[in-house]
>>> print(open('data.txt').read())   # compact mmCIF, C-alpha atoms
# COMPACT_ATOMS: atom_id res chain seq x y z
CA MET Y 554 -26.26 -16.28 19.94
CA SER Y 555 -23.17 -15.19 18.07
CA ARG Y 556 -20.34 -17.64 17.49
CA PRO Y 557 -17.10 -16.94 19.31
CA ILE Y 558 -14.00 -15.70 17.53
CA ALA Y 559 -10.94 -17.91 18.06
CA VAL Y 560 -7.72 -15.89 18.01
CA ILE Y 561 -4.85 -18.32 17.38
CA GLY Y 562 -1.47 -17.22 18.64
CA GLY Y 563 -3.64 -14.91 20.67
CA THR Y 564 -1.11 -14.13 23.39
CA GLY Y 565 1.03 -12.12 20.94
CA PRO Y 566 0.61 -8.37 20.43
CA THR Y 567 -1.71 -8.50 17.40
CA GLY Y 568 -3.80 -11.29 18.90
CA MET Y 569 -4.16 -9.51 22.23
CA GLY Y 570 -5.01 -6.26 20.47
CA LEU Y 571 -7.74 -7.79 18.31
CA ALA Y 572 -9.14 -9.79 21.23
CA LEU Y 573 -9.31 -6.61 23.30
CA ARG Y 574 -11.13 -4.62 20.62
CA TRP Y 575 -13.62 -7.41 19.95
CA ALA Y 576 -14.22 -8.06 23.65
CA ARG Y 577 -14.91 -4.35 24.11
CA ALA Y 578 -17.35 -4.51 21.22
CA GLY Y 579 -19.22 -7.32 22.98
CA GLU Y 580 -17.93 -10.26 20.93
CA ASP Y 581 -16.97 -13.55 22.56
CA VAL Y 582 -13.31 -14.35 22.05
CA VAL Y 583 -11.35 -17.54 22.64
CA ILE Y 584 -7.64 -16.82 22.95
CA GLY Y 585 -5.63 -19.73 21.62
CA SER Y 586 -2.05 -20.55 22.61
CA ARG Y 587 0.23 -23.57 22.64
CA ASP Y 588 0.03 -23.31 26.40
CA PRO Y 589 -3.56 -23.30 27.74
CA VAL Y 590 -2.42 -21.75 31.02
CA ARG Y 591 -0.87 -18.76 29.23
CA ALA Y 592 -4.00 -18.57 27.07
CA GLN Y 593 -6.19 -18.36 30.15
CA GLU Y 594 -3.95 -15.71 31.74
CA ALA Y 595 -4.09 -13.64 28.57
CA ALA Y 596 -7.88 -13.99 28.46
CA GLU Y 597 -8.18 -12.78 32.03
CA LYS Y 598 -6.04 -9.76 31.19
CA ILE Y 599 -8.28 -9.00 28.21
CA CYS Y 600 -11.43 -9.29 30.35
CA GLN Y 601 -9.93 -6.84 32.83
CA GLU Y 602 -8.79 -4.36 30.19
CA ALA Y 603 -12.06 -4.58 28.30
CA GLY Y 604 -14.13 -4.41 31.48
CA ARG Y 605 -16.23 -7.26 30.07
CA GLU Y 606 -16.17 -11.02 30.64
CA ARG Y 607 -15.92 -11.81 26.97
CA ALA Y 608 -12.62 -13.72 26.69
CA ARG Y 609 -11.47 -17.18 27.68
CA GLY Y 610 -8.35 -19.18 26.90
CA ALA Y 611 -7.74 -22.56 25.29
CA GLU Y 612 -5.01 -24.59 23.61
CA ASN Y 613 -4.85 -23.56 19.92
CA ALA Y 614 -6.43 -26.72 18.47
CA VAL Y 615 -9.19 -26.66 21.09
CA ALA Y 616 -9.94 -23.03 20.24
CA VAL Y 617 -10.09 -23.82 16.50
CA ALA Y 618 -12.44 -26.76 17.06
CA GLU Y 619 -14.88 -24.60 19.03
CA THR Y 620 -15.97 -22.24 16.28
CA ASP Y 621 -16.01 -21.55 12.57
CA LEU Y 622 -14.47 -18.10 12.86
CA VAL Y 623 -10.71 -18.31 13.35
CA VAL Y 624 -8.16 -15.50 13.26
CA LEU Y 625 -4.49 -16.40 12.82
CA THR Y 626 -1.99 -14.03 14.46
CA VAL Y 627 1.40 -15.73 14.51
CA PRO Y 628 4.81 -14.69 13.21
CA LEU Y 629 5.75 -16.10 9.82
CA THR Y 630 8.24 -18.48 11.42
CA GLY Y 631 5.42 -20.45 13.05
CA HIS Y 632 2.80 -19.98 10.32
CA ALA Y 633 3.11 -23.11 8.16
CA ALA Y 634 3.93 -25.52 10.98
CA LEU Y 635 0.99 -24.35 13.09
CA LEU Y 636 -1.45 -24.63 10.20
CA LYS Y 637 -0.29 -28.20 9.50
CA GLN Y 638 -0.73 -29.05 13.16
CA LEU Y 639 -4.19 -27.49 13.33
CA LYS Y 640 -5.42 -29.11 10.12
CA PRO Y 641 -7.48 -31.88 11.78
CA ALA Y 642 -9.08 -29.41 14.19
CA PHE Y 643 -10.83 -27.17 11.64
CA ARG Y 644 -14.58 -27.48 11.18
CA ALA Y 645 -15.86 -27.58 7.60
CA GLY Y 646 -17.02 -24.13 6.54
CA THR Y 647 -14.64 -22.33 8.88
CA ILE Y 648 -13.50 -18.87 7.89
CA LEU Y 649 -9.80 -18.40 8.62
CA ILE Y 650 -8.68 -14.78 8.75
CA ASP Y 651 -4.93 -14.62 8.27
CA THR Y 652 -3.20 -11.49 9.59
CA THR Y 653 0.36 -12.68 8.97
CA VAL Y 654 2.94 -10.37 7.40
CA PRO Y 655 6.11 -12.02 6.04
CA LEU Y 656 8.46 -9.41 7.48
CA ALA Y 657 12.14 -10.11 6.90
CA ALA Y 658 12.60 -9.41 10.61
CA THR Y 659 11.17 -12.84 11.34
CA ILE Y 660 14.25 -14.43 9.77
CA GLY Y 661 16.71 -11.93 11.22
CA GLY Y 662 16.32 -9.26 8.53
CA ARG Y 663 14.66 -5.85 8.59
CA ALA Y 664 11.10 -5.03 9.55
CA THR Y 665 11.06 -2.62 6.61
CA ARG Y 666 11.43 -5.49 4.15
CA THR Y 667 9.50 -8.64 3.43
CA VAL Y 668 10.58 -12.10 2.35
CA SER Y 669 9.14 -13.67 -0.80
CA LEU Y 670 7.01 -16.74 -0.30
CA TRP Y 671 6.65 -19.23 -3.12
CA GLU Y 672 2.84 -19.04 -2.87
CA GLY Y 673 3.00 -15.25 -3.19
CA SER Y 674 1.81 -14.27 0.29
CA ALA Y 675 1.35 -15.68 3.77
CA ALA Y 676 -2.39 -15.81 3.15
CA GLU Y 677 -1.91 -17.88 0.00
CA GLN Y 678 0.44 -20.15 1.93
CA ALA Y 679 -2.36 -20.60 4.47
CA ALA Y 680 -4.85 -21.40 1.71
CA GLU Y 681 -2.64 -24.29 0.60
CA LEU Y 682 -2.38 -25.70 4.11
CA VAL Y 683 -5.96 -25.65 5.40
CA PRO Y 684 -8.36 -28.52 4.77
CA GLU Y 685 -10.83 -28.27 1.92
CA GLY Y 686 -13.92 -26.32 2.94
CA VAL Y 687 -11.97 -23.85 5.07
CA GLN Y 688 -12.06 -20.43 3.45
CA VAL Y 689 -9.09 -18.17 3.87
CA VAL Y 690 -9.43 -14.40 4.15
CA ALA Y 691 -6.51 -11.98 4.49
CA ALA Y 692 -7.06 -8.95 6.71
CA PHE Y 693 -5.69 -6.77 9.51
CA GLN Y 694 -2.08 -6.79 8.26
CA ASN Y 695 -1.89 -3.00 8.24
CA ILE Y 696 -3.15 -2.20 11.74
CA SER Y 697 -0.54 -1.47 14.40
CA ALA Y 698 -0.67 -4.09 17.16
CA GLU Y 699 0.39 -1.50 19.69
CA LEU Y 700 -2.47 0.78 18.66
CA LEU Y 701 -5.00 -2.08 18.80
CA ARG Y 702 -3.91 -2.86 22.33
CA SER Y 703 -4.18 0.75 23.48
CA GLU Y 704 -7.07 2.97 24.55
CA ARG Y 705 -6.51 5.22 21.54
CA PRO Y 706 -9.23 5.46 18.89
CA LEU Y 707 -8.61 3.70 15.58
CA ASP Y 708 -8.74 5.54 12.27
CA CYS Y 709 -7.86 3.28 9.36
CA ASP Y 710 -9.06 0.94 6.65
CA VAL Y 711 -8.61 -2.81 6.60
CA ILE Y 712 -8.29 -4.33 3.13
CA VAL Y 713 -10.06 -7.69 3.05
CA CYS Y 714 -9.00 -10.20 0.40
CA SER Y 715 -10.46 -13.63 -0.33
CA ASP Y 716 -11.39 -15.89 -3.22
CA HIS Y 717 -14.72 -16.60 -1.49
CA ALA Y 718 -17.12 -13.67 -1.51
CA PRO Y 719 -19.31 -14.88 1.40
CA ALA Y 720 -16.23 -15.45 3.57
CA ARG Y 721 -14.94 -11.99 2.65
CA GLN Y 722 -18.27 -10.47 3.62
CA ALA Y 723 -18.39 -12.32 6.95
CA ALA Y 724 -14.82 -11.27 7.71
CA SER Y 725 -15.61 -7.68 6.72
CA ALA Y 726 -18.53 -7.64 9.15
CA LEU Y 727 -16.13 -8.81 11.86
CA VAL Y 728 -13.64 -6.09 10.93
CA GLU Y 729 -16.32 -3.43 11.24
CA LYS Y 730 -17.28 -4.58 14.74
CA ILE Y 731 -14.16 -2.62 15.72
CA PRO Y 732 -14.99 1.10 15.99
CA GLY Y 733 -12.99 3.40 13.73
CA VAL Y 734 -12.14 0.71 11.23
CA ARG Y 735 -13.59 0.40 7.73
CA ALA Y 736 -13.41 -2.89 5.83
CA LEU Y 737 -12.72 -2.62 2.10
CA ASN Y 738 -13.16 -5.30 -0.54
CA GLY Y 739 -9.61 -5.95 -1.72
CA GLY Y 740 -10.67 -8.65 -4.17
CA LYS Y 741 -8.90 -11.98 -4.55
CA LEU Y 742 -6.64 -13.58 -1.99
CA GLU Y 743 -3.65 -13.04 -4.29
CA ASN Y 744 -3.94 -9.31 -3.55
CA ALA Y 745 -2.80 -10.09 -0.02
CA ARG Y 746 0.68 -9.96 -1.60
CA ILE Y 747 0.35 -6.21 -1.83
CA VAL Y 748 -1.43 -5.69 1.48
CA GLU Y 749 1.16 -7.74 3.37
CA GLN Y 750 4.04 -5.78 1.86
CA LEU Y 751 2.35 -2.49 2.64
CA THR Y 752 3.00 -3.22 6.32
CA ALA Y 753 6.75 -3.00 5.71
CA LEU Y 754 6.21 0.46 4.18
CA LEU Y 755 4.10 1.51 7.19
CA ILE Y 756 7.00 0.45 9.43
CA THR Y 757 9.33 2.65 7.35
CA LEU Y 758 6.90 5.54 7.85
CA ASN Y 759 6.74 4.83 11.59
CA ILE Y 760 10.54 5.05 11.74
CA ASN Y 761 10.78 8.16 9.53
CA TYR Y 762 8.16 10.08 11.51
CA GLY Y 763 8.94 8.77 14.99
CA ILE Y 764 5.46 7.28 15.36
CA HIS Y 765 4.09 3.79 16.04
CA ASP Y 766 0.65 3.75 14.53
CA ALA Y 767 0.86 4.48 10.79
CA GLY Y 768 -2.18 3.07 9.04
CA ILE Y 769 -3.93 3.58 5.72
CA ARG Y 770 -7.11 5.13 4.48
CA ILE Y 771 -8.25 4.79 0.89
CA THR Y 772 -9.54 8.04 -0.59
CA GLY Y 773 -11.88 8.53 -3.54
CA LEU Y 774 -14.54 6.10 -2.28
CA PRO Y 775 -18.20 7.08 -2.21
CA ASP Y 776 -19.57 7.83 1.26
CA LYS Y 777 -21.61 5.03 2.73
CA GLY Y 778 -25.38 5.39 2.42
CA MET Q 464 13.61 32.29 -11.28
CA SER Q 465 12.45 28.73 -10.73
CA ARG Q 466 13.77 25.97 -12.97
CA PRO Q 467 11.23 24.35 -15.29
CA ILE Q 468 9.94 20.82 -14.74
CA ALA Q 469 10.48 18.51 -17.72
CA VAL Q 470 7.72 15.91 -17.99
CA ILE Q 471 9.01 13.11 -20.20
CA GLY Q 472 6.37 11.06 -21.98
CA GLY Q 473 4.32 14.08 -21.11
CA THR Q 474 1.59 13.57 -23.70
CA GLY Q 475 0.28 10.49 -21.84
CA PRO Q 476 -2.45 10.70 -19.18
CA THR Q 477 -0.19 10.91 -16.10
CA GLY Q 478 2.18 13.37 -17.76
CA MET Q 479 -0.66 15.62 -18.91
CA GLY Q 480 -2.27 15.44 -15.48
CA LEU Q 481 0.90 16.41 -13.62
CA ALA Q 482 1.73 19.13 -16.15
CA LEU Q 483 -1.75 20.57 -15.73
CA ARG Q 484 -1.58 20.63 -11.94
CA TRP Q 485 1.89 22.19 -11.92
CA ALA Q 486 0.98 24.77 -14.57
CA ARG Q 487 -2.06 25.74 -12.50
CA ALA Q 488 0.22 26.10 -9.48
CA GLY Q 489 2.39 28.54 -11.44
CA GLU Q 490 5.29 26.20 -12.25
CA ASP Q 491 6.94 26.20 -15.67
CA VAL Q 492 6.56 22.87 -17.41
CA VAL Q 493 8.26 21.46 -20.49
CA ILE Q 494 6.25 18.62 -21.96
CA GLY Q 495 8.55 16.08 -23.59
CA SER Q 496 7.55 13.67 -26.34
CA ARG Q 497 9.27 11.70 -29.09
CA ASP Q 498 7.43 13.99 -31.49
CA PRO Q 499 8.06 17.71 -30.78
CA VAL Q 500 4.90 18.69 -32.69
CA ARG Q 501 2.72 16.51 -30.45
CA ALA Q 502 4.61 17.87 -27.45
CA GLN Q 503 3.80 21.42 -28.48
CA GLU Q 504 0.13 20.58 -29.10
CA ALA Q 505 -0.10 18.98 -25.67
CA ALA Q 506 1.55 22.03 -24.09
CA GLU Q 507 -0.95 24.35 -25.75
CA LYS Q 508 -3.81 22.24 -24.43
CA ILE Q 509 -2.33 22.42 -20.92
CA CYS Q 510 -1.96 26.21 -21.15
CA GLN Q 511 -5.61 26.48 -22.18
CA GLU Q 512 -6.87 24.13 -19.45
CA ALA Q 513 -4.71 25.75 -16.80
CA GLY Q 514 -5.55 29.25 -17.96
CA ARG Q 515 -1.86 30.10 -17.67
CA GLU Q 516 0.96 30.22 -20.21
CA ARG Q 517 3.17 27.90 -18.24
CA ALA Q 518 3.74 24.94 -20.58
CA ARG Q 519 5.74 24.42 -23.74
CA GLY Q 520 6.68 21.33 -25.72
CA ALA Q 521 9.98 19.79 -26.79
CA GLU Q 522 11.46 16.53 -27.98
CA ASN Q 523 12.21 14.33 -24.92
CA ALA Q 524 16.02 14.70 -24.99
CA VAL Q 525 15.74 18.46 -25.53
CA ALA Q 526 13.39 18.73 -22.57
CA VAL Q 527 15.76 16.71 -20.36
CA ALA Q 528 18.75 18.85 -21.34
CA GLU Q 529 16.91 22.06 -20.40
CA THR Q 530 16.57 21.49 -16.67
CA ASP Q 531 17.67 19.46 -13.69
CA LEU Q 532 14.15 18.48 -12.63
CA VAL Q 533 12.82 15.66 -14.77
CA VAL Q 534 9.66 13.60 -14.28
CA LEU Q 535 9.33 10.31 -16.13
CA THR Q 536 5.78 9.25 -17.05
CA VAL Q 537 6.00 6.43 -19.56
CA PRO Q 538 4.53 2.92 -19.62
CA LEU Q 539 6.88 0.17 -18.48
CA THR Q 540 7.28 -1.07 -22.05
CA GLY Q 541 9.14 2.09 -23.03
CA HIS Q 542 10.88 2.73 -19.70
CA ALA Q 543 14.32 1.14 -20.09
CA ALA Q 544 14.77 1.96 -23.78
CA LEU Q 545 13.88 5.62 -23.28
CA LEU Q 546 16.26 5.99 -20.33
CA LYS Q 547 19.11 4.49 -22.38
CA GLN Q 548 18.33 6.89 -25.20
CA LEU Q 549 18.16 9.91 -22.87
CA LYS Q 550 21.36 9.04 -21.00
CA PRO Q 551 23.62 11.57 -22.80
CA ALA Q 552 21.05 14.36 -22.35
CA PHE Q 553 20.96 14.44 -18.54
CA ARG Q 554 22.69 17.27 -16.71
CA ALA Q 555 24.82 16.31 -13.71
CA GLY Q 556 22.85 16.78 -10.51
CA THR Q 557 19.49 16.21 -12.19
CA ILE Q 558 16.68 14.83 -10.06
CA LEU Q 559 14.70 12.23 -11.96
CA ILE Q 560 11.26 11.52 -10.51
CA ASP Q 561 10.05 8.16 -11.78
CA THR Q 562 6.28 7.61 -11.70
CA THR Q 563 6.30 4.28 -13.53
CA VAL Q 564 4.21 1.34 -12.30
CA PRO Q 565 5.08 -2.10 -13.70
CA LEU Q 566 1.47 -3.13 -14.28
CA ALA Q 567 1.06 -6.52 -15.92
CA ALA Q 568 -1.35 -4.78 -18.31
CA THR Q 569 1.64 -3.31 -20.13
CA ILE Q 570 2.59 -6.80 -21.30
CA GLY Q 571 -0.96 -7.93 -22.01
CA GLY Q 572 -1.83 -9.00 -18.45
CA ARG Q 573 -4.09 -7.49 -15.83
CA ALA Q 574 -3.97 -3.97 -14.44
CA THR Q 575 -4.64 -5.51 -11.02
CA ARG Q 576 -1.28 -7.32 -11.10
CA THR Q 577 2.30 -6.25 -11.50
CA VAL Q 578 5.26 -7.88 -13.20
CA SER Q 579 8.46 -8.53 -11.26
CA LEU Q 580 11.50 -6.60 -12.37
CA TRP Q 581 14.95 -7.99 -11.68
CA GLU Q 582 15.98 -4.71 -10.03
CA GLY Q 583 12.94 -4.87 -7.73
CA SER Q 584 11.00 -1.89 -9.07
CA ALA Q 585 10.77 0.39 -12.07
CA ALA Q 586 12.45 3.13 -10.05
CA GLU Q 587 15.39 0.87 -9.22
CA GLN Q 588 15.59 -0.06 -12.91
CA ALA Q 589 15.80 3.65 -13.68
CA ALA Q 590 18.55 4.12 -11.09
CA GLU Q 591 20.67 1.56 -12.95
CA LEU Q 592 20.17 3.28 -16.29
CA VAL Q 593 20.78 6.96 -15.54
CA PRO Q 594 24.27 8.48 -15.64
CA GLU Q 595 26.19 8.91 -12.41
CA GLY Q 596 25.17 12.10 -10.63
CA VAL Q 597 21.51 11.80 -11.59
CA GLN Q 598 19.46 11.08 -8.49
CA VAL Q 599 16.37 8.97 -8.85
CA VAL Q 600 13.26 9.55 -6.76
CA ALA Q 601 10.10 7.42 -6.95
CA ALA Q 602 6.80 9.25 -6.53
CA PHE Q 603 3.27 9.78 -7.86
CA GLN Q 604 2.62 6.11 -8.62
CA ASN Q 605 -0.58 6.09 -6.57
CA ILE Q 606 -2.38 9.13 -7.98
CA SER Q 607 -5.05 8.50 -10.59
CA ALA Q 608 -4.07 10.07 -13.92
CA GLU Q 609 -7.72 10.74 -14.68
CA LEU Q 610 -8.14 12.60 -11.41
CA LEU Q 611 -4.97 14.65 -11.98
CA ARG Q 612 -6.29 15.71 -15.36
CA SER Q 613 -9.69 16.72 -14.01
CA GLU Q 614 -11.01 19.79 -12.20
CA ARG Q 615 -11.71 17.71 -9.09
CA PRO Q 616 -9.77 18.46 -5.90
CA LEU Q 617 -7.05 16.02 -4.88
CA ASP Q 618 -7.06 14.32 -1.49
CA CYS Q 619 -4.19 11.89 -1.13
CA ASP Q 620 -0.65 11.25 -0.02
CA VAL Q 621 2.33 10.70 -2.31
CA ILE Q 622 5.02 8.42 -0.90
CA VAL Q 623 8.44 9.71 -1.95
CA CYS Q 624 11.33 7.24 -2.00
CA SER Q 625 14.99 7.90 -2.77
CA ASP Q 626 18.47 6.95 -1.63
CA HIS Q 627 19.43 10.66 -1.75
CA ALA Q 628 17.86 12.72 1.00
CA PRO Q 629 18.31 16.13 -0.70
CA ALA Q 630 16.74 14.78 -3.91
CA ARG Q 631 13.86 13.34 -1.91
CA GLN Q 632 13.32 16.70 -0.23
CA ALA Q 633 13.39 18.59 -3.53
CA ALA Q 634 10.95 16.12 -5.05
CA SER Q 635 8.70 16.36 -2.00
CA ALA Q 636 8.59 20.14 -2.35
CA LEU Q 637 7.52 19.64 -5.96
CA VAL Q 638 4.83 17.17 -4.90
CA GLU Q 639 3.42 19.66 -2.42
CA LYS Q 640 3.12 22.38 -5.07
CA ILE Q 641 0.01 20.43 -6.03
CA PRO Q 642 -2.89 21.41 -3.76
CA GLY Q 643 -4.48 18.58 -1.78
CA VAL Q 644 -1.43 16.35 -1.95
CA ARG Q 645 0.89 15.58 0.96
CA ALA Q 646 4.38 14.22 0.34
CA LEU Q 647 5.60 11.56 2.77
CA ASN Q 648 9.14 10.33 3.28
CA GLY Q 649 8.98 6.71 2.15
CA GLY Q 650 12.66 6.07 2.78
CA LYS Q 651 14.97 4.30 0.38
CA LEU Q 652 14.38 3.83 -3.31
CA GLU Q 653 13.91 0.07 -2.75
CA ASN Q 654 10.61 0.88 -1.03
CA ALA Q 655 9.27 1.89 -4.44
CA ARG Q 656 8.68 -1.85 -4.83
CA ILE Q 657 5.81 -1.58 -2.40
CA VAL Q 658 4.51 1.79 -3.60
CA GLU Q 659 4.45 0.64 -7.23
CA GLN Q 660 2.53 -2.51 -6.35
CA LEU Q 661 0.05 -0.55 -4.30
CA THR Q 662 -1.23 0.95 -7.55
CA ALA Q 663 -2.43 -2.47 -8.68
CA LEU Q 664 -4.41 -2.75 -5.43
CA LEU Q 665 -5.90 0.72 -5.98
CA ILE Q 666 -7.02 -0.44 -9.43
CA THR Q 667 -8.72 -3.45 -7.79
CA LEU Q 668 -10.50 -1.06 -5.41
CA ASN Q 669 -11.51 1.16 -8.34
CA ILE Q 670 -13.08 -1.88 -10.01
CA ASN Q 671 -14.73 -3.22 -6.84
CA TYR Q 672 -16.30 0.14 -5.94
CA GLY Q 673 -17.05 1.41 -9.46
CA ILE Q 674 -14.79 4.44 -9.01
CA HIS Q 675 -11.74 5.82 -10.82
CA ASP Q 676 -9.84 7.80 -8.25
CA ALA Q 677 -8.84 5.54 -5.35
CA GLY Q 678 -5.85 7.01 -3.55
CA ILE Q 679 -4.18 6.60 -0.20
CA ARG Q 680 -3.80 8.58 2.97
CA ILE Q 681 -1.51 7.49 5.77
CA THR Q 682 -3.09 7.84 9.20
CA GLY Q 683 -1.36 8.10 12.57
CA LEU Q 684 0.99 10.92 11.53
CA PRO Q 685 1.42 14.00 13.68
CA ASP Q 686 -0.27 17.13 12.33
CA LYS Q 687 2.11 19.53 10.65
CA GLY Q 688 3.24 22.46 12.75
>>> encode(input="data.txt", output="C-alpha cells")
Amino acid sequence: MSRPIAVIGGTGPTGMGLALRWARAGEDVVIGSRDPVRAQEAAEKICQEAGRERARGAENAVAVAETDLVVLTVPLTGHAALLKQLKPAFRAGTILIDTTVPLAATIGGRATRTVSLWEGSAAEQAAELVPEGVQVVAAFQNISAELLRSERPLDCDVIVCSDHAPARQAASALVEKIPGVRALNGGKLENARIVEQLTALLITLNINYGIHDAGIRITGLPDKG
Amino acid sequence: MSRPIAVIGGTGPTGMGLALRWARAGEDVVIGSRDPVRAQEAAEKICQEAGRERARGAENAVAVAETDLVVLTVPLTGHAALLKQLKPAFRAGTILIDTTVPLAATIGGRATRTVSLWEGSAAEQAAELVPEGVQVVAAFQNISAELLRSERPLDCDVIVCSDHAPARQAASALVEKIPGVRALNGGKLENARIVEQLTALLITLNINYGIHDAGIRITGLPDKG
C-alpha cells in the first residue's frame, strides 16, 4: 500500500495541478487547505477531472499528520507562517517537497522578478522552520501550474535539490510518477536559489512569446538505460 | 560585406569555442588578447580547426576599435578592469555581448556557486562601464566552452537579454549563425542575473551526471514558422 501524498495549500493552482496529475497516475492524494470544506470540494473536483477516486480533502495540519510525504504549494506570503503553524503536525522522517517561488509579485512587484530571502531561497527558509527529522526537498518550481491542471502532455525536467540524498531520491520517484516529466539531481538544497529564480525567467519567456507553459529541459545528459 | 566579430579575451576556452563556431559558419572573427602574438597564434589555430581562413588576432583594444560587434569572454576577475581599459576604444553604436558568469570559483570558491555583484549581474556591471552609445547584451553564459570547442553538434538554447531591442535582435542573429543553437528573447538586461546563475546549476548537473556539456532548452514554445 503506497502512502498518500499530502498537498498543502492544495486548493491553489499548483496544488490542484499536481494533485490532478498524481491522481491520474493512480497515487492517493490528500488536498490540504485552511478550510476543510474547500479542501473536500477541491478533492471532489480532482476526482472528477482525473476520473479516479484518488483524492480527498482535509485541514492542512490533519493532512500533514496523515503521511510522511508532504508537498507545499503556497504563495511566499503564507510560507513561513504556515510552516510554523504546521510544525507540531509533522511526523518524524517526513519528506517535505517545497515548490514555492519567491516571486516579487507576491509582495506587489513583478512576476518576472524575485525577492531575496535571508536564507537564500524559499526551500532553505522551509528547512529552518520544519522540526528536526523532516527532510526538505525543493522541486516543481519550474512547471506551469496552468499546464499541470490541463489535459496537455508535459514535456519538461524538474530539478530536485536536497541535502538528504534518500529524500531527494524519494521525491524524484514521486516527480517521475507524472508522465512527461524527468527528475534531475540538482544537488544541495542551496541550489534551489537558482531553480526558484529560473521561474521568473520562464515567466519573462511566457510574456515575450505569448505562451503560458514555458518549461526547461537539460541537454547533454546521457540517455537513460 | 559583413562586419567582423571581435572576441575579447578570445584565447580563453569560451572565446576560442565561439570563434571556432563562427569561423566554421563563415563569419570573420578577430581574436583579441592582451598579447597580440598570442592572439595571432590562437587565430591561426582557429583557422586550422575550422578549415577556413576566417580568424585573425589583435590586441584587445585594437580588436574592439575594428568593429561594432564585440563579444566579451573573460573571467570575472578581469571583467571590470578590462572594460575600463577598453572604454576609449569602443565605436559609438557598438553591440557588446557579455558572456561572463560570476562563478565563485573565480575568487577561490566553488564553480557551483556564484558571487553577488552590486549591479546584479556581470552584464549589468558591463553596462555601467561602457561608454554611452554602446549597447550591452547578455548571452552565451549557458553553453559549455568545451562543447563549443569540440566537433560535437550543439543542442541548446541561448537566452539573450538586453535593454535595447535592436541590439538584442542583432545579437540573436549572431547566436543563430551557430548551428544547433536557438536564440531566445530573455527580456531586459537585468534578467542576466538569472541566466548567469543558471550556469552554476549546469555545473552541478555536470558533476552529478559525470558529463561536461549540460545545456538548456526551453519547452512550451511555438515551433518556428
>>> atom_distance(input="data.txt", atom1="atom CA of Val597 of chain Q", atom2="atom CA of Gly556 of chain Q")
5.3 Å
>>> closest_residue(input="data.txt", among="Q:Phe553, Q:Tyr672, Q:Trp485, Q:Trp581", to="chain Y", atoms="only C-alpha atoms")
Q:Tyr672
>>> interface_residues(input="data.txt", of="chain Q", to="chain Y", cutoff="7 Å", atoms="only C-alpha atoms", output="ChimeraX atom specification")
/Q:618-619,648-650,654,657,660-661,664,667-668,671,674,676-684
>>> atom_distance(input="data.txt", atom1="atom CA of Glu606 of chain Y", atom2="atom CA of Val583 of chain Y")
11.4 Å
>>> atom_distance(input="data.txt", atom1="atom CA of Val525 of chain Q", atom2="atom CA of Leu545 of chain Q")
13.2 Å
